[in-house]
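Here's my_file.txt, which has compact mmCIF, C-alpha atoms:
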```
# COMPACT_ATOMS: atom_id res chain seq x y z
CA THR A 1 -18.02 34.23 28.56
CA TYR A 2 -18.86 30.48 28.69
CA GLY A 3 -15.50 29.86 30.42
CA TYR A 4 -13.52 31.13 27.42
CA THR A 5 -11.29 34.17 27.21
CA SER A 6 -12.72 35.35 23.92
CA ASP A 7 -12.78 39.03 22.99
CA PRO A 8 -16.25 40.58 23.41
CA ASN A 9 -15.35 43.13 20.77
CA LYS A 10 -14.56 40.56 18.09
CA ASN A 11 -16.85 37.98 16.52
CA ASP A 12 -13.82 35.77 15.70
CA THR A 13 -11.35 36.18 18.53
CA ASP A 14 -8.74 33.75 17.25
CA GLY A 15 -9.06 34.73 13.60
CA ASP A 16 -9.55 31.17 12.42
CA GLY A 17 -12.53 31.94 10.24
CA LEU A 18 -15.07 30.56 12.70
CA ASN A 19 -17.47 32.82 14.61
CA ASP A 20 -16.95 32.66 18.40
CA SER A 21 -20.57 31.71 18.92
CA THR A 22 -20.20 28.82 16.50
CA GLU A 23 -17.10 27.62 18.31
CA VAL A 24 -18.71 27.52 21.77
CA ASN A 25 -22.04 26.09 20.65
CA ASN A 26 -21.12 23.44 18.10
CA CYS A 27 -19.91 20.86 20.61
CA PHE A 28 -19.79 17.63 18.67
CA TYR A 29 -16.08 17.12 18.13
CA GLY A 30 -13.44 15.05 19.89
CA GLU A 31 -13.26 11.36 20.73
CA SER A 32 -16.66 11.41 22.42
CA SER A 33 -18.25 13.86 19.98
CA ASP A 34 -19.07 16.29 22.78
CA GLU A 35 -16.29 18.89 22.60
CA CYS A 36 -16.32 22.46 21.27
CA THR A 37 -13.50 24.21 19.50
CA ASP A 38 -11.68 26.96 21.40
CA PRO A 39 -12.66 30.46 20.27
CA ASP A 40 -9.32 31.76 21.55
CA ASP A 41 -7.16 29.22 19.70
CA ASP A 42 -7.22 28.87 15.94
CA ASP A 43 -5.93 25.29 16.24
CA SER A 44 -7.86 23.77 19.12
CA ASP A 45 -6.16 20.38 19.02
CA ASN A 46 -2.66 21.71 18.22
CA ASP A 47 -2.23 19.41 15.26
CA GLY A 48 -0.98 22.02 12.83
CA ALA A 49 -4.30 22.38 11.02
CA ASN A 50 -6.54 25.43 11.48
CA ASP A 51 -9.99 24.75 13.02
CA TYR A 52 -11.80 26.30 10.07
CA ASP A 53 -9.85 24.18 7.62
CA GLU A 54 -10.53 21.01 9.61
CA ILE A 55 -14.26 21.67 9.68
CA GLY A 56 -14.61 23.08 6.20
CA THR A 57 -12.30 20.88 4.13
CA CYS A 58 -14.27 17.68 3.67
CA THR A 59 -12.26 15.99 0.94
CA TYR A 60 -10.75 13.06 2.81
CA GLY A 61 -11.67 9.46 3.52
CA THR A 62 -12.70 6.61 1.28
CA ASP A 63 -15.29 8.66 -0.58
CA ASN A 64 -13.41 11.97 -0.43
CA ASP A 65 -16.20 13.57 1.62
CA GLU A 66 -14.92 13.47 5.20
CA CYS A 67 -13.49 16.26 7.36
CA THR A 68 -10.83 15.98 10.03
CA ASP A 69 -11.77 16.52 13.69
CA PRO A 70 -10.67 19.92 15.09
CA LYS A 71 -10.57 18.44 18.59
CA ASP A 72 -8.68 15.27 17.71
CA PRO A 73 -5.10 15.80 16.56
CA ASP A 74 -5.06 12.39 14.85
CA SER A 75 -8.43 11.93 13.19
CA ASP A 76 -7.72 8.48 11.75
CA ASP A 77 -5.73 7.20 14.76
CA ASP A 78 -2.78 6.11 12.65
CA GLY A 79 -0.17 7.78 14.84
CA LEU A 80 0.39 10.80 12.58
CA GLU A 81 -1.13 14.17 13.41
CA ASP A 82 -3.62 15.64 10.95
CA GLY A 83 -1.44 18.64 10.17
CA ASP A 84 1.47 16.41 9.22
CA GLU A 85 -0.69 14.25 7.00
CA ILE A 86 -2.20 17.25 5.24
CA TYR A 87 0.83 19.50 4.82
CA ASN A 88 3.95 17.33 4.86
CA ALA A 89 5.77 17.60 1.55
CA THR A 90 8.53 15.07 2.22
CA TRP A 91 6.50 11.86 2.54
CA GLY A 92 3.00 13.32 2.27
CA PRO A 93 0.43 14.48 2.01
CA THR A 94 -1.40 11.37 3.16
CA ASP A 95 -5.09 11.00 3.88
CA PRO A 96 -5.80 12.10 7.49
CA LYS A 97 -9.01 10.08 7.52
CA ILE A 98 -7.53 6.80 6.30
CA MET A 99 -5.02 4.93 8.45
CA ASP A 100 -3.42 3.22 5.46
CA SER A 101 -3.43 5.72 2.62
CA ASP A 102 -2.02 3.34 0.01
CA SER A 103 -3.89 0.23 1.23
CA ASP A 104 -0.76 -1.89 1.38
CA GLY A 105 -1.40 -3.32 4.84
CA LEU A 106 0.97 -0.97 6.69
CA ASN A 107 -0.55 2.06 8.38
CA ASP A 108 0.82 5.47 7.50
CA TYR A 109 2.74 5.80 10.77
CA GLU A 110 4.53 2.48 10.24
CA GLU A 111 5.56 3.52 6.76
CA VAL A 112 6.80 6.96 7.77
CA ARG A 113 8.30 6.33 11.21
CA VAL A 114 9.25 2.64 11.20
CA TYR A 115 10.09 1.45 7.69
CA ASN A 116 10.73 4.76 5.89
CA THR A 117 8.59 3.52 3.00
CA ASP A 118 6.27 5.66 0.89
CA PRO A 119 2.82 5.82 2.54
CA ASN A 120 1.30 6.71 -0.82
CA GLU A 121 2.83 3.81 -2.74
CA SER A 122 1.95 0.21 -1.91
CA ASP A 123 5.21 -0.91 -3.52
CA SER A 124 7.77 1.71 -2.52
CA ASP A 125 10.71 0.24 -4.45
CA SER A 126 8.66 -0.81 -7.51
CA ASP A 127 9.89 -4.40 -7.39
CA GLU A 128 6.34 -5.81 -7.70
CA ILE A 129 6.24 -6.90 -4.05
CA ASN A 130 3.83 -5.14 -1.70
CA ASP A 131 5.55 -3.23 1.14
CA TYR A 132 3.64 -5.21 3.76
CA ASN A 133 4.83 -8.50 2.31
CA GLU A 134 8.42 -7.29 2.19
CA VAL A 135 8.56 -6.42 5.89
CA ASN A 136 6.54 -9.42 7.09
CA ASN A 137 7.70 -12.37 4.97
CA CYS A 138 10.97 -12.82 6.84
CA VAL A 139 11.96 -16.28 5.63
CA TYR A 140 15.10 -15.49 3.63
CA GLY A 141 18.82 -15.24 4.27
CA GLU A 142 21.28 -17.62 5.89
CA ASP A 143 19.06 -18.25 8.92
CA ASN A 144 15.72 -18.03 7.06
CA SER A 145 14.79 -15.04 9.21
CA GLU A 146 15.42 -12.02 7.00
CA CYS A 147 12.94 -9.86 5.10
CA THR A 148 13.47 -8.25 1.73
CA ASP A 149 14.06 -4.50 1.77
CA PRO A 150 10.90 -2.54 0.83
CA ASN A 151 13.11 0.34 -0.30
CA ASP A 152 15.47 -1.67 -2.50
CA PRO A 153 14.25 -3.72 -5.49
CA ASP A 154 17.37 -5.88 -5.22
CA SER A 155 17.82 -6.55 -1.51
CA ASP A 156 21.01 -8.59 -1.86
CA ASN A 157 22.51 -6.48 -4.67
CA ASP A 158 23.11 -9.49 -6.90
CA GLY A 159 21.63 -7.96 -10.03
CA LEU A 160 18.32 -9.79 -9.80
CA ASN A 161 15.03 -8.17 -8.83
CA ASP A 162 13.57 -9.46 -5.54
CA TYR A 163 10.30 -10.44 -7.20
CA ASP A 164 12.12 -12.47 -9.83
CA GLU A 165 14.25 -14.23 -7.24
CA ILE A 166 11.17 -15.24 -5.28
CA ASN A 167 8.88 -16.14 -8.17
CA ASN A 168 10.97 -17.24 -11.13
CA THR A 169 10.51 -20.94 -11.96
CA THR A 170 12.96 -21.19 -14.88
CA TRP A 171 16.19 -20.61 -12.95
CA GLY A 172 14.76 -19.92 -9.49
CA PRO A 173 13.50 -19.34 -6.99
CA THR A 174 16.72 -18.03 -5.49
CA ASP A 175 17.22 -16.34 -2.13
CA PRO A 176 16.62 -12.56 -2.40
CA ARG A 177 18.75 -12.01 0.69
CA GLU A 178 21.72 -14.13 -0.45
CA ALA A 179 23.73 -12.81 -3.38
CA ASP A 180 25.14 -16.29 -3.96
CA THR A 181 22.31 -18.71 -3.20
CA ASP A 182 24.24 -21.91 -3.96
CA GLY A 183 27.47 -20.77 -2.30
CA ASP A 184 29.63 -21.52 -5.31
CA GLY A 185 31.41 -18.18 -5.28
CA LEU A 186 29.46 -16.79 -8.22
CA ASN A 187 26.85 -14.07 -7.80
CA ASP A 188 23.28 -15.19 -8.67
CA GLY A 189 22.88 -12.36 -11.16
CA THR A 190 26.12 -13.28 -12.87
CA GLU A 191 25.04 -16.91 -13.18
CA VAL A 192 21.63 -16.04 -14.59
CA ASN A 193 22.45 -13.03 -16.75
CA ASN A 194 25.99 -13.70 -17.95
CA LEU A 195 27.01 -17.33 -17.60
CA GLY A 196 23.78 -19.27 -18.07
CA SER A 197 24.74 -21.47 -15.13
CA ASN A 198 22.42 -22.68 -12.40
CA PRO A 199 22.28 -20.33 -9.38
CA LEU A 200 20.81 -23.17 -7.31
CA SER A 201 23.65 -25.62 -7.92
CA ASN A 202 27.35 -25.12 -7.22
CA ASP A 203 28.05 -27.64 -9.99
CA SER A 204 25.73 -26.60 -12.82
CA ASP A 205 26.85 -29.24 -15.30
CA GLY A 206 27.13 -32.07 -12.78
CA ASP A 207 30.72 -32.89 -13.63
CA GLY A 208 31.94 -32.85 -10.04
CA LEU A 209 33.73 -29.51 -10.45
CA ASN A 210 32.63 -26.36 -8.64
CA ASP A 211 31.27 -23.63 -10.94
CA SER A 212 33.60 -20.99 -9.55
CA TRP A 213 36.62 -23.28 -10.00
CA GLU A 214 35.65 -23.99 -13.60
CA ARG A 215 34.99 -20.33 -14.29
CA SER A 216 38.39 -19.25 -13.01
CA ARG A 217 40.10 -21.74 -15.33
CA GLU A 218 37.89 -20.77 -18.22
CA LEU A 219 38.93 -17.16 -17.72
CA GLY A 220 42.53 -18.35 -17.73
CA GLY A 221 42.09 -19.69 -21.23
CA LEU A 222 41.66 -23.34 -20.31
CA GLN A 223 38.97 -25.56 -21.79
CA TYR A 224 36.45 -25.62 -18.97
CA SER A 225 32.74 -24.86 -18.97
CA LEU A 226 30.17 -24.37 -16.25
CA VAL A 227 27.37 -25.69 -18.42
CA SER A 228 29.02 -28.57 -20.25
CA ASN A 229 30.57 -31.61 -18.57
CA ASP A 230 32.40 -32.62 -21.75
CA THR A 231 34.10 -29.54 -23.11
CA ASP A 232 36.22 -31.39 -25.67
CA ASP A 233 33.39 -33.58 -26.94
CA ASP A 234 35.33 -36.76 -26.45
CA GLY A 235 32.52 -38.51 -24.68
CA THR A 236 34.14 -38.40 -21.26
```
Please render this file's structure as structure tokens.
Amino acid sequence: TYGYTSDPNKNDTDGDGLNDSTEVNNCFYGESSDECTDPDDDDSDNDGANDYDEIGTCTYGTDNDECTDPKDPDSDDDGLEDGDEIYNATWGPTDPKIMDSDSDGLNDYEEVRVYNTDPNESDSDSDEINDYNEVNNCVYGEDNSECTDPNDPDSDNDGLNDYDEINNTTWGPTDPREADTDGDGLNDGTEVNNLGSNPLSNDSDGDGLNDSWERSRELGGLQYSLVSNDTDDDGT
């Protein structure tokens, strides 16, 4: 009846928990809010979520009171199907009624399919830089065109956190995409954490000698220092 192949001997042909009559008469779903659910298909929009669950589970959205649309496989239009957002246990669940579940500026699809970031964490690598900023502020590296890695708190593996490299005003800012910002042959993290030398100058003590050159001789037992231009205190 009504153009459907429902079973006249069953009140819920597809066993989705919704009465057939309800399915063919409640026609206010879909993009134009004029579609009915299919009484012969327990998942009318084939999104992996049962029609009854979509209609009856109204715990999503900004105020946790919205339902998903049983005739729209992607209720929030973020590029991820409702079923994936609700049931995925690898990167989800995310909110199927909010395009950007963690409010970091990247929609859920971008996080899951493009950047492989956590759609439920605005700072996936916990480096104190928002995921959106990491993938959009691409002004670092040799050509000033690289972004920091939203999945790695130390994008250049120099031993310094990306946030610190960008924001520190005591010894920085250094380049979070260049392990050796000043090109002196010494890793930024080594200069800051171990040697006390300047990661922004290849001659920290201004004596005309490259930091790496001085360090190699210091390690060889000679009287050189990266941070003193008069190691023997003779005034010269």
Identify, on the basis of all atoms listed in the file, every residue whose closest approach to region 96-102 of chain A does not exceed 9 Å; exclude the query and any residue fewer than 3 positions from it along the same chain; express the result as a PyMOL selection string. chain A and resi 60-62+66-68+74-86+93+105-109+118-122
Distance query Asp152 (chain A) at most 12 Å, all atoms listed in the file, self and fewer than 4 positions along chain excluded, as a compact mmCIF listing (two decimals) with C-alpha atoms, in the coordinates of the input:
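Generated file (out16.txt):
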```
# COMPACT_ATOMS: atom_id res chain seq x y z
CA TYR A 115 10.09 1.45 7.69
CA ASN A 116 10.73 4.76 5.89
CA THR A 117 8.59 3.52 3.00
CA ASP A 123 5.21 -0.91 -3.52
CA SER A 124 7.77 1.71 -2.52
CA ASP A 125 10.71 0.24 -4.45
CA SER A 126 8.66 -0.81 -7.51
CA ASP A 127 9.89 -4.40 -7.39
CA GLU A 128 6.34 -5.81 -7.70
CA ILE A 129 6.24 -6.90 -4.05
CA ASP A 131 5.55 -3.23 1.14
CA GLU A 134 8.42 -7.29 2.19
CA VAL A 135 8.56 -6.42 5.89
CA CYS A 147 12.94 -9.86 5.10
CA THR A 148 13.47 -8.25 1.73
CA ASP A 156 21.01 -8.59 -1.86
CA ASN A 157 22.51 -6.48 -4.67
CA ASP A 158 23.11 -9.49 -6.90
CA GLY A 159 21.63 -7.96 -10.03
CA LEU A 160 18.32 -9.79 -9.80
CA ASN A 161 15.03 -8.17 -8.83
CA ASP A 162 13.57 -9.46 -5.54
CA TYR A 163 10.30 -10.44 -7.20
CA PRO A 176 16.62 -12.56 -2.40
CA ARG A 177 18.75 -12.01 0.69
```
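Atom to atom, CA of Ser228 (chain A) and CA of Asn210 (chain A) stand 12.4 Å apart.
Picture a line from CA of Asn137 (chain A) to CA of Thr94 (chain A); it runs 25.5 Å.
Those residues that approach Asp203 (chain A) to within 9 Å, counting only C-alpha atoms, are Asp184, Ser197, Leu209, Asn210, Asp211, Ser212, Leu226 and Val227 of chain A; same-chain residues fewer than 6 positions away are not listed.
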What are the nearest atom pairs, with distances in Å to one decimal, for all residues of region 44-74 of chain A that come at most 7 Å from region 9-33 of chain A, using all atoms listed in the file, set out by chain and rising residue number as a Markdown table?
```
| residue | atom | partner | partner_atom | distance |
| --- | --- | --- | --- | --- |
| A:Asn50 | CA | A:Asp16 | CA | 6.5 |
| A:Asp51 | CA | A:Asp16 | CA | 6.5 |
| A:Tyr52 | CA | A:Gly17 | CA | 5.7 |
| A:Asp69 | CA | A:Tyr29 | CA | 6.2 |
| A:Pro70 | CA | A:Tyr29 | CA | 6.8 |
| A:Lys71 | CA | A:Gly30 | CA | 4.6 |
| A:Asp72 | CA | A:Gly30 | CA | 5.2 |
```
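With CA of Thr181 (chain A) on one side and CA of Pro199 (chain A) on the other, the separation reads 6.4 Å.
Closest approach to Asp188 (chain A) among A:Asp43, A:Asp154, A:Asp65, A:Ser216 is made by A:Asp154 (distances from only C-alpha atoms).
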